[in-house]
Amino acid sequence: MSEPVVVMEHVSKQYRQGSTDVPALRDVSLTIERGEFTALCGPSGSGKTTALNLIGALDKPSAGIIRVEGHELGSLGRSALSELRRDRIGFVFQAYNLVPVLTAYENAEIVLALQGADASARRATVMKVLGDVGLSGMEKRRPDAMSGGQQQRVAIARAVAARPAIILADEPTANVDSETAEKLLELMEKLNRQEGATFLFSTHDPRVMARARRLLKMVDGQIVQDERRS
Amino acid sequence: MLRGPALFVMAWRNLWRNRRRTIITLSSLAFGVMTAVTFTSITDQSLGDAIDLAARMSNGHVTVQERDYRDSPSLERSITADDALRARLAADGDVAKVVPRISGQLVVATATDSFGAGFVALDPTLDDERSFAPLGQIVEGKVFSDARGIVLGKTLAKNLGAAVGKKVVYTLTDKHGEIVSGLGRVSGILSTGSPTADAALCILPLDAVRALIGYGPDEATQLAVYLRDQRRAEATAHRLSAMLPPNAAALSWAEVNPDLAGFVTVKVIGSEVIEIFVVLLIAAGIFNTLFVSVMERLREFGILLAIGFSPGRLFRLVVWESLWLALVGLVVGVIVTAPLYHWMHVHGIDMTARVGTNRVEIAGALMPMVVRATIYTDHAIIIAVAIVAVTLLSGLYPAWRAARVQPVDAIKLGY
C-alpha cells in the first residue's frame, strides 16, 4: 500500500475582500501518495494555487486539517513551518524563481546549504541534479544570464536536490515557449520515474494534463473530478 | 555555504544590485564621515591649543596651591614645594614637568609713574617658554640672569616709560602682610599679543621674591604641573591631591580658569549638536535606501521563505546589508577625508588676514588664528562607531519589515 505524503481533510479557505468573505476552497479532502505525478487543473479562480499554497505551508486554512508526512501544519509554529518547507517541500513557481545574486550552482545548492549538508555532499548532489536538468557547464551563470527555460530548470534542480517529500509546481510552464515547456515536462517526468520524486502541479496547460498520471479537476474551490491513469 | 558567513556574501552582492543608489548612499556616508571628522578635529585642535596655552600663560594644567588660595589669594597662603614633593608629583605617569612659582599682585613704579600689575616669580633654570609661554615672547632684552632682573609687559613698560636697563621699584605685601619694596632693573620686555598680559604682567626672579617677602628656600604659592595630555587634568589633579600635605590642594585648569572651561564646554556642545544633525541626516538617507531596497524585493523574500529561509535569517540578511553599507561607507569616508585632514593638520587655514591679528584672546586664552585640525584617537573611534551604529539602527526597521513578509502574499507580487 502506498504511503500518503499529503492529506487534506475537509479543508476550506476564505479570503476577506472588503466586507465580504470570498471562498477559495470549500471542504476539500485529498490524499497525495508518494511517487504520484498529479495535476490540479481548472479555470482561473477555481482554487488550484490556494490548494498548493496550503499544502506548501505558505498559507493557513480557514478550516480543516492538512498533514504533510504526518505533520499537522496547524500545530506548527513559524520556525517549524520554515524547517518543514526547507526539508520536506520543494517549490517551482511560474517565474522569477531564483535568487538573482546567486549563480545557478548556488541557487541549486541553497536548500541543501540551509539544511546544513556538508560541502562535499552538497557539491556532488548539485552537480548531479544540474547535470540531470541539462545545465552542466552553466553552474556559474546568474539568472540574468539564463533564458526563462534555463531558470526553470535551475528551479527544478533546486527543488529536487534536497529530496523533498513533495514538489509543488505552480504553473511551471506558463512563462516558457512550447518547446521549452515540453522539455521541462519531460525532465520532471523523468525525475518522477527515475528518482521517485512526488510532483503536484497546478496548471491550465493541456500538455501538463496529458502527462499527469492523476488529474484532479477543480471548479469553484471544490474537486469535482479525480481521474487516475495508468 | 549559507550557514553563518555566507549570508554576508549574499548581502554584499545585494548591495551592488542597484549600483547608483548604493554609490549615492555611500557618498552621503562618506560626506558624513568627512564632516564629523573635520568639525571634531578642528574643535579638538583649537580647544586643546587654547587649554595648553592657557596653562602656559598661568600655572599649568594642574595647579598645586594652598587649600584656600583660590578663594582668597594672598602671599600669606604658601606651600612648601621642596624637592621631595616635586619629585613625587613628577613621578606620576601623566606629569611632564613640575615647577615652583610665586604669583600675586604688586605696584611697579618708575620715577615718573606707577601701575598695579600681576607678577609671576620663577626660576629661569627650571622654567622655559614650553612651561611659561611669555618667556618665549620677549621682544627686547632677555630674561633675567641675576636677582635684580625684571621682565615687563610691553604696554606696562610703555606706560611706565621703562626701557631695558632702566630701574623700577616694585612694592608688594610680604608673608606677614607687611609692605615691602624691591629694586629691579628691566632685563626684558615681552609682547604676548594678549592686551591683558601685555598691560599687567611682570616676571621676577623666584629667589629674590622669596627673600623679599620672607619665604623660606622651598616656599612658593604654586607648583605648576604640566601634563603630557591636558585631557587628563581632572584625573591627575585627583591623584596628585592624595600626595599633598593637608594644607595643599591640586586643581585642574578648569577649576582655576572656569571662564575658559565654560567656553570649552559651549564649543564642545555646539560641535556635538552639529554632529548629531549630520548623523540624523545620514540615518535618514540610509533608512530610505534600505527600506526601498526591501520593498522592491518582497517577492524575492517570499520565495526565500518558501524554500526554507526563516524570518530570522531574512532579518539578518538585511542587517548584513546595512553593516556592509556602514563599513564600505566608513572606508570611503576615510579615503576622501584623509587628504583634507592631512592638509588641515599640516597647513591649516590662516585667518590672520581676515581677523587682523594672529591671535585672539578668548576667556583668558589666546586662540591662534591658523585653524588646524588634529583629532583625538578616542574621538575618531567614537565617530567610526557612531557611523556604524546609526547605519545598523537605520537598517533595523527594513530588516524587521523583511522578516514580517507573508510568503503567500509576497509570491503573488510580480506575476
# chains A, B, ... in the order shown; residues from 1 in each chain; ligands from 1
>>> interface_residues(of="chain A", to="chain B", cutoff="9 Å", atoms="only C-alpha atoms", output="PyMOL selection string")
chain A and resi 53+56-59+78-79+81-87+89-91+93-102+106+109-111+113-116+119+159
>>> closest_residue(among="A:Ala155, A:Met146, A:Ala165, A:Leu73", to="Met188 of chain A", atoms="only C-alpha atoms")
A:Ala155
>>> select_by_dssp(residues="segment 34-225 of chain A", states="strand (DSSP E or B)", output="PyMOL selection string")
chain A and resi 37-41+63-68+71-72+89-92+166-170+199-203+214-219+222-225
>>> decode(residues="segment 75-94 of chain A", atoms="N, CA, C and O atoms", output="short mmCIF file (atom, residue, chain, number, x, y, z; two decimals), in the first residue's frame")
data_model
loop_
_atom_site.label_atom_id
_atom_site.label_comp_id
_atom_site.auth_asym_id
_atom_site.auth_seq_id
_atom_site.Cartn_x
_atom_site.Cartn_y
_atom_site.Cartn_z
N SER A 75 -0.51 22.74 13.69
CA SER A 75 0.08 22.66 15.04
C SER A 75 1.52 23.19 15.06
O SER A 75 2.16 23.21 16.11
N LEU A 76 2.03 23.59 13.90
CA LEU A 76 3.44 24.01 13.83
C LEU A 76 3.57 25.53 13.90
O LEU A 76 2.75 26.26 13.33
N GLY A 77 4.59 25.99 14.59
CA GLY A 77 4.89 27.43 14.66
C GLY A 77 5.61 27.90 13.41
O GLY A 77 5.91 27.10 12.51
N ARG A 78 5.94 29.21 13.40
CA ARG A 78 6.56 29.80 12.19
C ARG A 78 7.89 29.15 11.85
O ARG A 78 8.16 28.85 10.69
N SER A 79 8.72 28.93 12.86
CA SER A 79 10.04 28.39 12.55
C SER A 79 9.94 26.92 12.15
O SER A 79 10.67 26.45 11.27
N ALA A 80 9.02 26.18 12.78
CA ALA A 80 8.84 24.78 12.42
C ALA A 80 8.31 24.67 10.99
O ALA A 80 8.70 23.76 10.24
N LEU A 81 7.44 25.61 10.60
CA LEU A 81 6.95 25.61 9.22
C LEU A 81 8.08 25.91 8.24
O LEU A 81 8.16 25.32 7.16
N SER A 82 8.98 26.84 8.64
CA SER A 82 10.15 27.14 7.79
C SER A 82 10.98 25.87 7.58
O SER A 82 11.42 25.58 6.48
N GLU A 83 11.19 25.14 8.69
CA GLU A 83 12.01 23.92 8.60
C GLU A 83 11.31 22.86 7.75
O GLU A 83 11.96 22.15 6.97
N LEU A 84 9.98 22.77 7.89
CA LEU A 84 9.24 21.79 7.08
C LEU A 84 9.36 22.13 5.59
O LEU A 84 9.59 21.25 4.76
N ARG A 85 9.20 23.41 5.26
CA ARG A 85 9.34 23.82 3.85
C ARG A 85 10.75 23.51 3.35
O ARG A 85 10.94 23.06 2.23
N ARG A 86 11.73 23.81 4.21
CA ARG A 86 13.12 23.61 3.81
C ARG A 86 13.42 22.13 3.57
O ARG A 86 14.08 21.77 2.60
N ASP A 87 12.91 21.26 4.48
CA ASP A 87 13.34 19.86 4.46
C ASP A 87 12.42 18.94 3.66
O ASP A 87 12.86 17.94 3.12
N ARG A 88 11.12 19.24 3.58
CA ARG A 88 10.18 18.27 3.04
C ARG A 88 9.39 18.73 1.82
O ARG A 88 8.64 17.96 1.25
N ILE A 89 9.50 20.04 1.47
CA ILE A 89 8.69 20.54 0.36
C ILE A 89 9.59 21.28 -0.63
O ILE A 89 10.43 22.10 -0.23
N GLY A 90 9.40 20.97 -1.91
CA GLY A 90 10.12 21.72 -2.95
C GLY A 90 9.13 22.58 -3.71
O GLY A 90 7.96 22.20 -3.87
N PHE A 91 9.58 23.75 -4.12
CA PHE A 91 8.68 24.66 -4.84
C PHE A 91 9.26 24.99 -6.22
O PHE A 91 10.46 25.26 -6.36
N VAL A 92 8.38 25.01 -7.20
CA VAL A 92 8.73 25.58 -8.50
C VAL A 92 7.58 26.53 -8.85
O VAL A 92 6.43 26.09 -9.00
N PHE A 93 7.90 27.83 -8.91
CA PHE A 93 6.85 28.80 -9.24
C PHE A 93 6.88 29.08 -10.74
O PHE A 93 7.76 28.63 -11.47
N GLN A 94 5.91 29.89 -11.20
CA GLN A 94 5.83 30.04 -12.66
C GLN A 94 6.92 30.93 -13.23
O GLN A 94 7.28 30.77 -14.40
#
